[in-house]
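A.B. asks: My file is input.pdb. It has PDB, N, CA and C atoms:
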ATOM      1  N   MET A  46     -12.726 -16.964   1.017
ATOM      2  CA  MET A  46     -11.393 -17.103   1.592
ATOM      3  C   MET A  46     -11.515 -17.112   3.111
ATOM      4  N   ASN A  47     -11.045 -18.173   3.710
ATOM      5  CA  ASN A  47     -10.949 -18.254   5.160
ATOM      6  C   ASN A  47      -9.569 -17.752   5.551
ATOM      7  N   ALA A  48      -9.499 -16.583   6.172
ATOM      8  CA  ALA A  48      -8.213 -15.975   6.509
ATOM      9  C   ALA A  48      -7.352 -16.894   7.368
ATOM     10  N   ASP A  49      -7.966 -17.695   8.217
ATOM     11  CA  ASP A  49      -7.197 -18.605   9.066
ATOM     12  C   ASP A  49      -6.445 -19.652   8.251
ATOM     13  N   SER A  50      -6.904 -19.950   7.037
ATOM     14  CA  SER A  50      -6.247 -20.980   6.228
ATOM     15  C   SER A  50      -4.860 -20.553   5.748
ATOM     16  N   LEU A  51      -4.534 -19.273   5.873
ATOM     17  CA  LEU A  51      -3.217 -18.778   5.458
ATOM     18  C   LEU A  51      -2.264 -18.558   6.626
ATOM     19  N   LEU A  52      -2.746 -18.707   7.847
ATOM     20  CA  LEU A  52      -1.888 -18.443   8.996
ATOM     21  C   LEU A  52      -0.672 -19.352   8.976
ATOM     22  N   GLY A  53       0.488 -18.766   9.255
ATOM     23  CA  GLY A  53       1.723 -19.531   9.301
ATOM     24  C   GLY A  53       2.854 -18.788   8.619
ATOM     25  N   VAL A  54       3.969 -19.480   8.491
ATOM     26  CA  VAL A  54       5.147 -18.948   7.817
ATOM     27  C   VAL A  54       5.313 -19.733   6.519
ATOM     28  N   TRP A  55       5.421 -19.002   5.412
ATOM     29  CA  TRP A  55       5.504 -19.578   4.071
ATOM     30  C   TRP A  55       6.846 -19.210   3.455
ATOM     31  N   THR A  56       7.483 -20.148   2.783
ATOM     32  CA  THR A  56       8.768 -19.846   2.156
ATOM     33  C   THR A  56       8.900 -20.571   0.823
ATOM     34  N   GLY A  57       9.680 -19.984  -0.069
ATOM     35  CA  GLY A  57       9.918 -20.572  -1.378
ATOM     36  C   GLY A  57      10.916 -19.733  -2.152
ATOM     37  N   THR A  58      11.083 -20.050  -3.425
ATOM     38  CA  THR A  58      12.042 -19.361  -4.284
ATOM     39  C   THR A  58      11.298 -18.560  -5.340
ATOM     40  N   ILE A  59      11.615 -17.272  -5.413
ATOM     41  CA  ILE A  59      11.049 -16.395  -6.437
ATOM     42  C   ILE A  59      11.832 -16.604  -7.728
ATOM     43  N   HIS A  60      11.101 -16.745  -8.825
ATOM     44  CA  HIS A  60      11.698 -16.832 -10.162
ATOM     45  C   HIS A  60      11.269 -15.587 -10.913
ATOM     46  N   ASN A  61      12.244 -14.787 -11.344
ATOM     47  CA  ASN A  61      11.968 -13.517 -12.002
ATOM     48  C   ASN A  61      12.120 -13.655 -13.510
ATOM     49  N   SER A  62      11.317 -12.895 -14.260
ATOM     50  CA  SER A  62      11.379 -12.919 -15.727
ATOM     51  C   SER A  62      12.732 -12.451 -16.255
ATOM     52  N   ASN A  63      13.523 -11.750 -15.438
ATOM     53  CA  ASN A  63      14.861 -11.313 -15.835
ATOM     54  C   ASN A  63      15.916 -12.383 -15.585
ATOM     55  N   GLY A  64      15.490 -13.544 -15.040
ATOM     56  CA  GLY A  64      16.410 -14.661 -14.898
ATOM     57  C   GLY A  64      16.964 -14.922 -13.508
ATOM     58  N   TRP A  65      16.678 -14.104 -12.526
ATOM     59  CA  TRP A  65      17.235 -14.373 -11.198
ATOM     60  C   TRP A  65      16.257 -15.149 -10.334
ATOM     61  N   GLU A  66      16.817 -15.794  -9.316
ATOM     62  CA  GLU A  66      16.033 -16.529  -8.327
ATOM     63  C   GLU A  66      16.529 -16.155  -6.944
ATOM     64  N   MET A  67      15.605 -16.078  -5.995
ATOM     65  CA  MET A  67      15.992 -15.820  -4.603
ATOM     66  C   MET A  67      14.884 -16.249  -3.662
ATOM     67  N   LYS A  68      15.251 -16.474  -2.424
ATOM     68  CA  LYS A  68      14.310 -16.953  -1.409
ATOM     69  C   LYS A  68      13.427 -15.809  -0.909
ATOM     70  N   ILE A  69      12.164 -16.142  -0.635
ATOM     71  CA  ILE A  69      11.240 -15.211   0.010
ATOM     72  C   ILE A  69      10.532 -15.945   1.145
ATOM     73  N   THR A  70      10.288 -15.221   2.211
ATOM     74  CA  THR A  70       9.491 -15.728   3.326
ATOM     75  C   THR A  70       8.373 -14.735   3.596
ATOM     76  N   ILE A  71       7.147 -15.246   3.696
ATOM     77  CA  ILE A  71       5.989 -14.428   4.058
ATOM     78  C   ILE A  71       5.409 -15.011   5.337
ATOM     79  N   SER A  72       5.292 -14.188   6.367
ATOM     80  CA  SER A  72       4.747 -14.618   7.661
ATOM     81  C   SER A  72       3.377 -13.988   7.860
ATOM     82  N   ILE A  73       2.364 -14.846   7.981
ATOM     83  CA  ILE A  73       0.981 -14.401   8.199
ATOM     84  C   ILE A  73       0.602 -14.885   9.593
ATOM     85  N   LEU A  74       0.632 -13.977  10.557
ATOM     86  CA  LEU A  74       0.570 -14.372  11.957
ATOM     87  C   LEU A  74      -0.758 -14.085  12.636
ATOM     88  N   LYS A  75      -1.671 -13.393  11.928
ATOM     89  CA  LYS A  75      -2.986 -13.119  12.523
ATOM     90  C   LYS A  75      -4.017 -13.026  11.412
ATOM     91  N   PRO A  76      -5.291 -13.255  11.727
ATOM     92  CA  PRO A  76      -6.342 -13.116  10.710
ATOM     93  C   PRO A  76      -6.328 -11.710  10.108
ATOM     94  N   PHE A  77      -6.823 -11.578   8.895
ATOM     95  CA  PHE A  77      -6.781 -10.306   8.171
ATOM     96  C   PHE A  77      -8.097 -10.089   7.448
ATOM     97  N   GLU A  78      -8.277  -8.863   6.983
ATOM     98  CA  GLU A  78      -9.409  -8.480   6.139
ATOM     99  C   GLU A  78      -8.937  -7.337   5.267
ATOM    100  N   VAL A  79      -9.758  -6.919   4.321
ATOM    101  CA  VAL A  79      -9.393  -5.820   3.426
ATOM    102  C   VAL A  79      -9.034  -4.592   4.262
ATOM    103  N   GLY A  80      -7.924  -3.970   3.922
ATOM    104  CA  GLY A  80      -7.465  -2.770   4.616
ATOM    105  C   GLY A  80      -6.510  -3.034   5.761
ATOM    106  N   THR A  81      -6.361  -4.290   6.167
ATOM    107  CA  THR A  81      -5.456  -4.609   7.271
ATOM    108  C   THR A  81      -4.169  -5.238   6.735
ATOM    109  N   THR A  82      -3.232  -5.455   7.622
ATOM    110  CA  THR A  82      -1.963  -6.071   7.255
ATOM    111  C   THR A  82      -2.125  -7.575   7.104
ATOM    112  N   LEU A  83      -1.689  -8.096   5.958
ATOM    113  CA  LEU A  83      -1.677  -9.544   5.738
ATOM    114  C   LEU A  83      -0.562 -10.168   6.555
ATOM    115  N   GLY A  84       0.623  -9.565   6.490
ATOM    116  CA  GLY A  84       1.779 -10.106   7.193
ATOM    117  C   GLY A  84       3.041  -9.400   6.750
ATOM    118  N   ILE A  85       4.171  -9.992   7.120
ATOM    119  CA  ILE A  85       5.465  -9.413   6.779
ATOM    120  C   ILE A  85       6.156 -10.300   5.747
ATOM    121  N   PHE A  86       7.031  -9.694   4.959
ATOM    122  CA  PHE A  86       7.799 -10.468   3.990
ATOM    123  C   PHE A  86       9.273 -10.121   4.108
ATOM    124  N   ASP A  87      10.110 -11.065   3.684
ATOM    125  CA  ASP A  87      11.551 -10.879   3.756
ATOM    126  C   ASP A  87      12.195 -11.568   2.555
ATOM    127  N   ILE A  88      13.028 -10.825   1.838
ATOM    128  CA  ILE A  88      13.830 -11.351   0.740
ATOM    129  C   ILE A  88      15.282 -11.046   1.104
ATOM    130  N   PRO A  89      15.948 -11.962   1.823
ATOM    131  CA  PRO A  89      17.273 -11.671   2.389
ATOM    132  C   PRO A  89      18.349 -11.321   1.367
ATOM    133  N   MET A  90      18.303 -11.887   0.176
ATOM    134  CA  MET A  90      19.377 -11.690  -0.795
ATOM    135  C   MET A  90      19.477 -10.252  -1.299
ATOM    136  N   LEU A  91      18.347  -9.511  -1.373
ATOM    137  CA  LEU A  91      18.412  -8.145  -1.911
ATOM    138  C   LEU A  91      19.169  -7.186  -0.985
ATOM    139  N   PRO A  92      19.028  -7.005   0.233
ATOM    140  CA  PRO A  92      17.917  -7.436   1.090
ATOM    141  C   PRO A  92      16.722  -6.500   0.947
ATOM    142  N   CYS A  93      15.529  -7.057   1.193
ATOM    143  CA  CYS A  93      14.288  -6.289   1.143
ATOM    144  C   CYS A  93      13.298  -6.922   2.113
ATOM    145  N   SER A  94      12.608  -6.081   2.860
ATOM    146  CA  SER A  94      11.552  -6.574   3.748
ATOM    147  C   SER A  94      10.497  -5.493   3.887
ATOM    148  N   GLY A  95       9.345  -5.896   4.426
ATOM    149  CA  GLY A  95       8.256  -4.944   4.613
ATOM    150  C   GLY A  95       6.990  -5.675   5.013
ATOM    151  N   THR A  96       5.873  -4.984   4.858
ATOM    152  CA  THR A  96       4.578  -5.583   5.171
ATOM    153  C   THR A  96       3.705  -5.558   3.923
ATOM    154  N   PHE A  97       2.743  -6.468   3.897
ATOM    155  CA  PHE A  97       1.738  -6.479   2.837
ATOM    156  C   PHE A  97       0.401  -6.081   3.439
ATOM    157  N   ARG A  98      -0.265  -5.078   2.832
ATOM    158  CA  ARG A  98      -1.615  -4.689   3.208
ATOM    159  C   ARG A  98      -2.583  -5.314   2.220
ATOM    160  N   VAL A  99      -3.709  -5.823   2.710
ATOM    161  CA  VAL A  99      -4.720  -6.448   1.866
ATOM    162  C   VAL A  99      -5.518  -5.352   1.157
ATOM    163  N   VAL A 100      -5.541  -5.399  -0.191
ATOM    164  CA  VAL A 100      -6.272  -4.423  -0.994
ATOM    165  C   VAL A 100      -7.634  -4.988  -1.402
ATOM    166  N   ILE A 101      -7.634  -6.199  -1.965
ATOM    167  CA  ILE A 101      -8.858  -6.835  -2.449
ATOM    168  C   ILE A 101      -8.748  -8.340  -2.216
ATOM    169  N   ILE A 102      -9.855  -8.965  -1.839
ATOM    170  CA  ILE A 102      -9.913 -10.422  -1.749
ATOM    171  C   ILE A 102     -10.928 -10.894  -2.790
ATOM    172  N   ARG A 103     -10.451 -11.739  -3.728
ATOM    173  CA  ARG A 103     -11.304 -12.306  -4.781
ATOM    174  C   ARG A 103     -11.174 -13.819  -4.739
ATOM    175  N   GLY A 104     -12.131 -14.482  -4.143
ATOM    176  CA  GLY A 104     -12.047 -15.933  -4.027
ATOM    177  C   GLY A 104     -10.849 -16.320  -3.184
ATOM    178  N   GLU A 105      -9.920 -17.093  -3.769
ATOM    179  CA  GLU A 105      -8.714 -17.515  -3.062
ATOM    180  C   GLU A 105      -7.526 -16.599  -3.340
ATOM    181  N   THR A 106      -7.742 -15.529  -4.120
ATOM    182  CA  THR A 106      -6.662 -14.602  -4.481
ATOM    183  C   THR A 106      -6.775 -13.324  -3.660
ATOM    184  N   ILE A 107      -5.644 -12.883  -3.142
ATOM    185  CA  ILE A 107      -5.584 -11.650  -2.350
ATOM    186  C   ILE A 107      -4.620 -10.691  -3.029
ATOM    187  N   GLU A 108      -5.120  -9.522  -3.451
ATOM    188  CA  GLU A 108      -4.261  -8.487  -4.011
ATOM    189  C   GLU A 108      -3.703  -7.659  -2.865
ATOM    190  N   LEU A 109      -2.411  -7.333  -2.986
ATOM    191  CA  LEU A 109      -1.676  -6.731  -1.880
ATOM    192  C   LEU A 109      -0.996  -5.424  -2.283
ATOM    193  N   ALA A 110      -0.678  -4.616  -1.275
ATOM    194  CA  ALA A 110       0.160  -3.435  -1.462
ATOM    195  C   ALA A 110       1.326  -3.561  -0.481
ATOM    196  N   ALA A 111       2.542  -3.501  -1.014
ATOM    197  CA  ALA A 111       3.731  -3.569  -0.159
ATOM    198  C   ALA A 111       3.936  -2.221   0.525
ATOM    199  N   GLN A 112       4.212  -2.277   1.828
ATOM    200  CA  GLN A 112       4.392  -1.054   2.617
ATOM    201  C   GLN A 112       5.570  -1.226   3.566
ATOM    202  N   ASN A 113       5.980  -0.117   4.182
ATOM    203  CA  ASN A 113       7.049  -0.124   5.185
ATOM    204  C   ASN A 113       8.300  -0.822   4.662
ATOM    205  N   LEU A 114       8.639  -0.532   3.408
ATOM    206  CA  LEU A 114       9.764  -1.197   2.763
ATOM    207  C   LEU A 114      11.089  -0.795   3.392
ATOM    208  N   GLN A 115      11.951  -1.788   3.575
ATOM    209  CA  GLN A 115      13.291  -1.563   4.105
ATOM    210  C   GLN A 115      14.281  -2.303   3.234
ATOM    211  N   GLY A 116      15.408  -1.681   2.939
ATOM    212  CA  GLY A 116      16.436  -2.315   2.133
ATOM    213  C   GLY A 116      16.336  -1.908   0.673
ATOM    214  N   ASP A 117      16.878  -2.757  -0.197
ATOM    215  CA  ASP A 117      16.973  -2.488  -1.627
ATOM    216  C   ASP A 117      15.808  -3.135  -2.365
ATOM    217  N   CYS A 118      14.596  -2.674  -2.089
ATOM    218  CA  CYS A 118      13.386  -3.282  -2.650
ATOM    219  C   CYS A 118      13.096  -2.751  -4.046
ATOM    220  N   TRP A 119      12.577  -3.624  -4.910
ATOM    221  CA  TRP A 119      12.115  -3.232  -6.220
ATOM    222  C   TRP A 119      10.636  -2.935  -6.106
ATOM    223  N   LYS A 120      10.217  -1.784  -6.574
ATOM    224  CA  LYS A 120       8.818  -1.380  -6.465
ATOM    225  C   LYS A 120       7.975  -2.132  -7.485
ATOM    226  N   ALA A 121       6.978  -2.858  -6.991
ATOM    227  CA  ALA A 121       6.062  -3.603  -7.854
ATOM    228  C   ALA A 121       4.796  -2.785  -8.078
ATOM    229  N   ASP A 122       4.173  -2.993  -9.234
ATOM    230  CA  ASP A 122       2.881  -2.383  -9.518
ATOM    231  C   ASP A 122       1.739  -3.245  -8.999
ATOM    232  N   PHE A 123       2.030  -4.546  -8.815
ATOM    233  CA  PHE A 123       0.990  -5.507  -8.427
ATOM    234  C   PHE A 123       1.633  -6.650  -7.651
ATOM    235  N   ASP A 124       1.072  -6.970  -6.500
ATOM    236  CA  ASP A 124       1.484  -8.136  -5.712
ATOM    237  C   ASP A 124       0.223  -8.913  -5.355
ATOM    238  N   SER A 125       0.318 -10.241  -5.345
ATOM    239  CA  SER A 125      -0.817 -11.044  -4.914
ATOM    240  C   SER A 125      -0.340 -12.381  -4.373
ATOM    241  N   VAL A 126      -1.203 -12.991  -3.578
ATOM    242  CA  VAL A 126      -1.015 -14.375  -3.154
ATOM    243  C   VAL A 126      -2.318 -15.112  -3.422
ATOM    244  N   GLU A 127      -2.182 -16.411  -3.714
ATOM    245  CA  GLU A 127      -3.354 -17.245  -3.954
ATOM    246  C   GLU A 127      -3.111 -18.610  -3.338
ATOM    247  N   LEU A 128      -4.066 -19.047  -2.511
ATOM    248  CA  LEU A 128      -3.991 -20.374  -1.929
ATOM    249  C   LEU A 128      -4.419 -21.379  -2.994
ATOM    250  N   LEU A 129      -3.517 -22.292  -3.347
ATOM    251  CA  LEU A 129      -3.784 -23.269  -4.396
ATOM    252  C   LEU A 129      -4.418 -24.527  -3.797
ATOM    253  N   PRO A 130      -5.112 -25.319  -4.626
ATOM    254  CA  PRO A 130      -5.797 -26.522  -4.125
ATOM    255  C   PRO A 130      -4.883 -27.514  -3.408
ATOM    256  N   ASP A 131      -3.594 -27.536  -3.765
ATOM    257  CA  ASP A 131      -2.673 -28.475  -3.121
ATOM    258  C   ASP A 131      -2.119 -27.971  -1.788
ATOM    259  N   GLY A 132      -2.603 -26.795  -1.326
ATOM    260  CA  GLY A 132      -2.182 -26.264  -0.040
ATOM    261  C   GLY A 132      -0.961 -25.368  -0.092
ATOM    262  N   THR A 133      -0.406 -25.136  -1.288
ATOM    263  CA  THR A 133       0.709 -24.207  -1.430
ATOM    264  C   THR A 133       0.155 -22.798  -1.672
ATOM    265  N   LEU A 134       1.032 -21.819  -1.581
ATOM    266  CA  LEU A 134       0.651 -20.418  -1.755
ATOM    267  C   LEU A 134       1.420 -19.863  -2.948
ATOM    268  N   GLN A 135       0.701 -19.408  -3.976
ATOM    269  CA  GLN A 135       1.360 -18.789  -5.125
ATOM    270  C   GLN A 135       1.506 -17.295  -4.874
ATOM    271  N   TYR A 136       2.734 -16.783  -5.029
ATOM    272  CA  TYR A 136       3.026 -15.359  -4.890
ATOM    273  C   TYR A 136       3.387 -14.823  -6.262
ATOM    274  N   ILE A 137       2.781 -13.704  -6.651
ATOM    275  CA  ILE A 137       3.077 -13.044  -7.923
ATOM    276  C   ILE A 137       3.359 -11.572  -7.639
ATOM    277  N   SER A 138       4.427 -11.068  -8.246
ATOM    278  CA  SER A 138       4.783  -9.655  -8.157
ATOM    279  C   SER A 138       5.086  -9.172  -9.568
ATOM    280  N   LYS A 139       4.458  -8.047  -9.970
ATOM    281  CA  LYS A 139       4.636  -7.547 -11.332
ATOM    282  C   LYS A 139       4.973  -6.066 -11.324
ATOM    283  N   SER A 140       5.790  -5.700 -12.294
ATOM    284  CA  SER A 140       6.077  -4.306 -12.596
ATOM    285  C   SER A 140       6.028  -4.168 -14.114
ATOM    286  N   ARG A 141       6.196  -2.987 -14.613
ATOM    287  CA  ARG A 141       6.146  -2.777 -16.056
ATOM    288  C   ARG A 141       7.246  -3.569 -16.769
ATOM    289  N   ASN A 142       8.412  -3.709 -16.129
ATOM    290  CA  ASN A 142       9.568  -4.318 -16.786
ATOM    291  C   ASN A 142       9.899  -5.733 -16.341
ATOM    292  N   TRP A 143       9.168  -6.277 -15.368
ATOM    293  CA  TRP A 143       9.481  -7.614 -14.869
ATOM    294  C   TRP A 143       8.275  -8.250 -14.204
ATOM    295  N   GLU A 144       8.366  -9.573 -14.037
ATOM    296  CA  GLU A 144       7.368 -10.329 -13.297
ATOM    297  C   GLU A 144       8.094 -11.409 -12.519
ATOM    298  N   ALA A 145       7.668 -11.623 -11.291
ATOM    299  CA  ALA A 145       8.272 -12.652 -10.452
ATOM    300  C   ALA A 145       7.168 -13.517  -9.867
ATOM    301  N   GLN A 146       7.454 -14.830  -9.770
ATOM    302  CA  GLN A 146       6.481 -15.762  -9.207
ATOM    303  C   GLN A 146       7.192 -16.743  -8.295
ATOM    304  N   ALA A 147       6.445 -17.229  -7.309
ATOM    305  CA  ALA A 147       6.966 -18.257  -6.412
ATOM    306  C   ALA A 147       5.825 -19.138  -5.940
ATOM    307  N   ILE A 148       6.121 -20.398  -5.705
ATOM    308  CA  ILE A 148       5.203 -21.305  -5.036
ATOM    309  C   ILE A 148       5.775 -21.522  -3.639
ATOM    310  N   LEU A 149       5.028 -21.094  -2.638
ATOM    311  CA  LEU A 149       5.514 -21.129  -1.256
ATOM    312  C   LEU A 149       4.921 -22.313  -0.502
ATOM    313  N   GLN A 150       5.743 -22.926   0.329
ATOM    314  CA  GLN A 150       5.323 -24.016   1.198
ATOM    315  C   GLN A 150       5.171 -23.472   2.615
ATOM    316  N   ARG A 151       4.181 -23.953   3.319
ATOM    317  CA  ARG A 151       4.030 -23.553   4.721
ATOM    318  C   ARG A 151       5.076 -24.319   5.534
ATOM    319  N   VAL A 152       5.909 -23.573   6.267
ATOM    320  CA  VAL A 152       6.956 -24.212   7.064
ATOM    321  C   VAL A 152       6.639 -24.184   8.554
ATOM    322  N   PHE A 153       5.643 -23.379   8.951
ATOM    323  CA  PHE A 153       5.230 -23.333  10.346
ATOM    324  C   PHE A 153       3.823 -22.805  10.446
ATOM    325  N   ASP A 154       3.028 -23.431  11.310
ATOM    326  CA  ASP A 154       1.738 -22.857  11.702
ATOM    327  C   ASP A 154       1.476 -23.260  13.140
ATOM    328  N   ASP A 155       0.429 -22.716  13.728
ATOM    329  CA  ASP A 155       0.148 -22.966  15.151
ATOM    330  C   ASP A 155      -0.097 -24.446  15.457
ATOM    331  N   ASN A 156      -0.524 -25.211  14.457
ATOM    332  CA  ASN A 156      -0.773 -26.637  14.678
ATOM    333  C   ASN A 156       0.508 -27.450  14.790
ATOM    334  N   MET A 157       1.656 -26.832  14.466
ATOM    335  CA  MET A 157       2.932 -27.535  14.505
ATOM    336  C   MET A 157       3.616 -27.457  15.858
ATOM    337  N   LYS A 158       3.028 -26.770  16.812
ATOM    338  CA  LYS A 158       3.628 -26.625  18.152
ATOM    339  C   LYS A 158       3.703 -27.951  18.863
TER     340      LYS A 158
END
As structure tokens, how would this structure be written, given the file I've shared?

C.D. replies:
Amino acid sequence: MNADSLLGVWTGTIHNSNGWEMKITISILKPFEVGTTLGIFDIPMLPCSGTFRVVIIRGETIELAAQNLQGDCWKADFDSVELLPDGTLQYISKSRNWEAQAILQRVFDDNMK
């Protein structure tokens, strides 16, 4: 995993196993490694925001821990992002009672200046 390949602002729609959908934005603004902050996330509809800390990097998949939560956040047991071959970012969040997934598009990176 080249950490620079994820730099930018990513956005998409989360689809939850309970039937709801809502927008999420993940901003990855600096290179990262295990134990550091991946970036910030925002789910305006709940509202919920916070940071993701990198727990494990396995190939193109990064397991995350949500921290510094603000708002009406649902606590997940597992969060991850994976850079897909088509250049999109898959986000997965799981708890015992639900699972949510999103395919995020990069909407801004340093090359867009």

A.B. asks: Could you spell out the hits of the PyMOL selection byres ((chain A and resi 103-116) around 8) on the shown file, as JSON, numbers by chain?

C.D. replies: {"A": [46, 47, 83, 91, 92, 93, 94, 95, 96, 97, 98, 99, 100, 101, 102, 117, 118, 119, 121, 122, 123, 124, 125, 126, 127, 128, 129]}

A.B. asks: Considering only C-alpha atoms, state which residue in the set A:Ser140, A:Thr82, A:Ser50, A:Thr58 is at the smallest distance from Thr70 of chain A.

C.D. replies: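 Among A:Ser140, A:Thr82, A:Ser50, A:Thr58, it is A:Thr58 that comes nearest to Thr70 of chain A.
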
A.B. asks: Between A:Lys120, A:Asp49, A:Val79, A:Gly57, which has the minimum distance to Ser138 of chain A (counting only C-alpha atoms)?

C.D. replies: A:Lys120

A.B. asks: Could you tell me which residues the PyMOL selection byres ((chain A and resi 146) around 7) returns for this structure, as a count of residues only?

C.D. replies: 13

A.B. asks: Mind listing the strand (DSSP E) residues of chain A, per DSSP on the backbone, as a ChimeraX atom specification?

C.D. replies: /A:53-61,66-73,82-88,93-103,106-116,123-128,134-139,144-153

A.B. asks: Write out as a list in words each polymer residue whose atoms come within 8 Å of Leu51 of chain A, counting all atoms listed in the file; drop sequence neighbours fewer than 5 positions from it.

C.D. replies: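 Counting only the stated atoms, we get Met46, Ser72, Ile73, Leu74, Lys75, Pro76, Leu128 and Asp154 of chain A.
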
A.B. asks: Please, what distance in Å, to one decimal, runs between atom CA of Lys68 of chain A and atom N of Ala48 of chain A?

C.D. replies: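 Pair atom CA of Lys68 of chain A / atom N of Ala48 of chain A returns 25.0 Å.
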
A.B. asks: Which value, in Å to one decimal, gives the distance between atom CA of Trp55 of chain A and atom C of Glu78 of chain A?

C.D. replies: 19.0 Å

A.B. asks: Just give me the residues with any atom within 6 Å of (7.0, -13.1, 3.9), file coordinates, counting only N, CA and C atoms, written as a list of chain:residue names.

C.D. replies: A:Ile69, A:Thr70, A:Ile71, A:Ser72, A:Ile85, A:Phe86, A:Asp87

A.B. asks: Measure the distance from atom N of Glu66 of chain A to atom C of Arg141 of chain A in Å and round it to one decimal.

C.D. replies: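 According to the coordinates, atom N of Glu66 of chain A and atom C of Arg141 of chain A are separated by 17.2 Å.
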